[in-house]
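Chemist: Please find one structure pasted underneath; my questions will follow.
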Amino acid sequence: WGDVPFFNTIAEWLSRLPDYGVKLRAEWTPASGFRYGVNVYEHRALDGNMHLQYWHVGGGRGDLVNMGSTRFFLGDQTQFDLVAAYHRRGAERFFGIGPDSERDAESFFTGRYVWFGGSLQHYLPRNFGVVAKSFYSDVSSAGPRQASRFDSIEDVFAGQLPRGYGDTSTGMSYEFELRHDTTGTPGRGVNGGLRRAMLGYFHPTSGTGVDFMHYRVVLEQFIGGQQPSGRQLALKGFWSWQDTGNGAVHFQRLLANHDADAFRGYHDFRYRDRGIAGLTVEYRYPVWDYGQLRYGLGMDGYVFWDTGQVFSDHSLLKVKDLTHSLGLGIRMVSTDDFLLRAEIAGSREDLMARLSVSQIFQRQKGGVYHGIVPVPMR
């Protein structure tokens, strides 16, 4: 494929992205519709020991993201990130709480998320690392911005609105993570595994909600695929739990099937509760291989199966309640990075299509710097 001018041009363009400039972003997901954005970045400050970036994303169904972040490199083994962000979801879904929530109870609201804080990451020998984070967050809710298009949560759940709806919840989050990462690149050629164990504590400063501990474990393993033309099996399992005692968590801080914890045959935020567990199996195979271009640009097809569910108590997590999703997709990757995915997935409820610049695997790498919403802890 090295003689095809179009792909040659793409590879040359990707190889010349400088240490400063502007990147454009576009994606379509069932959660937000079509969104567009721009990223302005500068990686030359302090002789390359300081990275700066600003993100603006708009469109969709009234979505808006403004985020600024800074990364300081404190030697070869330590980095410190600072971030401040405002994230508005103009039509966030709510179906109720728990695995028994009904598909026909679909409703919408505007979710607003403001946070600022920092993350300190230190790399240890033998591919281990530790991460400490501290954030202030402010979440609030109101009716959907496009009320004529979407059924409001205030109408569908009149008289039984979730805890915290209409109220502001503010508080401090403190998190510690132990990580073992042998995956290397997030692009083609990824191998090894990623293991993360996290402990978090949230303390409310005002509004609805209680103190709670948060525990999370993520295990990812990549088998095969070391060569550009190699096939690969990607496995992922995750578990998260919010220990609140007898208190109730503000509903926007509950765990949900969203972001890295998506059940891809279901709408994002289809399920919410204090706990969530899931498993993903993904088989990848080369469709086009441009390894001979030396930039490693390529395209992989993949098929996948997701399963999982939310729960309010571990004794209530039952096999009969598990969701199941089957799907297929295309990933555009380079030697050094993941670029884009387009996929379609089906379940007993829906057939979902997504076009996204983020991925399910290795999703949390550099998450603070890149603006992943830290409510709840991921």
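Ligands are numbered from 1 in the order shown, chains are lettered A, B, ... in the order of the structure tokens, and residues start at 1 in each chain.
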Can you pull out the residues contacting A:Ser312? Cut-off 6 Å, using only C-alpha atoms, and skip same-chain residues under 2 positions away; I want them as a short mmCIF file (atom, residue, chain, number, x, y, z; two decimals) with N, CA, C and O atoms, in the first residue's frame.
Modeler:
```
data_model
loop_
_atom_site.label_atom_id
_atom_site.label_comp_id
_atom_site.auth_asym_id
_atom_site.auth_seq_id
_atom_site.Cartn_x
_atom_site.Cartn_y
_atom_site.Cartn_z
N ASP A 273 -25.60 3.05 39.37
CA ASP A 273 -25.72 2.53 40.73
C ASP A 273 -24.39 2.73 41.43
O ASP A 273 -23.45 3.32 40.88
N ARG A 274 -24.28 2.19 42.65
CA ARG A 274 -23.05 2.37 43.44
C ARG A 274 -21.93 1.43 43.01
O ARG A 274 -20.77 1.64 43.39
N GLY A 275 -22.25 0.38 42.27
CA GLY A 275 -21.24 -0.56 41.82
C GLY A 275 -21.42 -0.88 40.36
O GLY A 275 -22.52 -0.78 39.80
#
```
Chemist: I'd like a table as a Markdown table: residues in stretch 228-269 of chain A with an atom no more than 10 Å from stretch 168-175 of chain A, each row giving the shortest atom pair and its distance in Å to one decimal, only C-alpha atoms counted, sorted by chain and rising residue number.
Modeler:
```
| residue | atom | partner | partner_atom | distance |
| --- | --- | --- | --- | --- |
| A:Val249 | CA | A:Ser169 | CA | 9.9 |
| A:His250 | CA | A:Ser169 | CA | 7.2 |
| A:Phe251 | CA | A:Ser169 | CA | 9.9 |
| A:Gln252 | CA | A:Ser169 | CA | 8.9 |
| A:Arg253 | CA | A:Ser169 | CA | 9.0 |
```
Chemist: Quick check, in Å to one decimal: how far apart do atom CA of A:Ala85 and atom CA of A:Ser69 lie?
Modeler: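 For atom CA of A:Ala85 relative to atom CA of A:Ser69, the distance reads 8.4 Å.
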Chemist: Write out as a list of chain:residue names the set of residues from stretch 152-345 of chain A that DSSP, computed on the backbone, places in alpha helix (DSSP H).
Modeler: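 Output for stretch 152-345 of chain A, alpha helix (DSSP H) only: A:Ile153, A:Glu154, A:Asp155, A:Val156.
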Chemist: Using only C-alpha atoms, which residue out of A:Gln160, A:Gln242, A:Ser134, A:Asn127 lies closest to A:Thr182?
Modeler: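 Of A:Gln160, A:Gln242, A:Ser134, A:Asn127, the one nearest A:Thr182 is A:Asn127, counting only C-alpha atoms.
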Chemist: What's around A:Gln309 at 9 Å? Count only C-alpha atoms, leave out sequence neighbours fewer than 5 positions away in its own chain, and write the answer as a PyMOL selection string.
Modeler: chain A and resi 98-99+257+263+271+275-278+317-318+321-323
Chemist: A:Val375, A:Ala45, A:Val190, A:Ala142: which is nearest A:Phe202, counting only C-alpha atoms?
Modeler: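 Smallest distance to A:Phe202 is found for A:Val375.
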Chemist: For A:His87, please output as a ChimeraX atom specification all residues within 7 Å (counting only C-alpha atoms; exclusion window: fewer than 2 positions along the same chain).
Modeler: /A:64-66,85,89,112-114
Chemist: Those residues you just picked out, can you put them in a file as a compact mmCIF listing (two decimals), in the first residue's frame with N, CA and C atoms?
Modeler:
```
# COMPACT_ATOMS: atom_id res chain seq x y z
N LEU A 64 -20.93 21.27 25.73
CA LEU A 64 -19.89 22.29 25.72
C LEU A 64 -18.77 21.85 26.64
N VAL A 65 -17.54 21.90 26.14
CA VAL A 65 -16.37 21.55 26.94
C VAL A 65 -15.33 22.65 26.77
N ASN A 66 -14.85 23.18 27.89
CA ASN A 66 -13.70 24.08 27.90
C ASN A 66 -12.72 23.54 28.94
N ALA A 85 -11.52 22.56 34.23
CA ALA A 85 -12.42 22.23 33.14
C ALA A 85 -13.87 22.51 33.50
N ARG A 89 -23.14 18.44 29.49
CA ARG A 89 -23.84 17.49 28.64
C ARG A 89 -25.28 17.98 28.51
N ARG A 112 -24.05 19.40 34.42
CA ARG A 112 -22.90 20.31 34.40
C ARG A 112 -21.85 19.81 35.39
N TYR A 113 -20.60 19.82 34.94
CA TYR A 113 -19.48 19.29 35.73
C TYR A 113 -18.33 20.29 35.65
N VAL A 114 -17.93 20.79 36.80
CA VAL A 114 -16.79 21.70 36.89
C VAL A 114 -15.77 21.07 37.83
```
Chemist: Just how far from atom CA of A:His203 is atom CA of A:Gly245, in Å to one decimal?
Modeler: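 Going from atom CA of A:Gly245 over to atom CA of A:His203 covers 13.7 Å.
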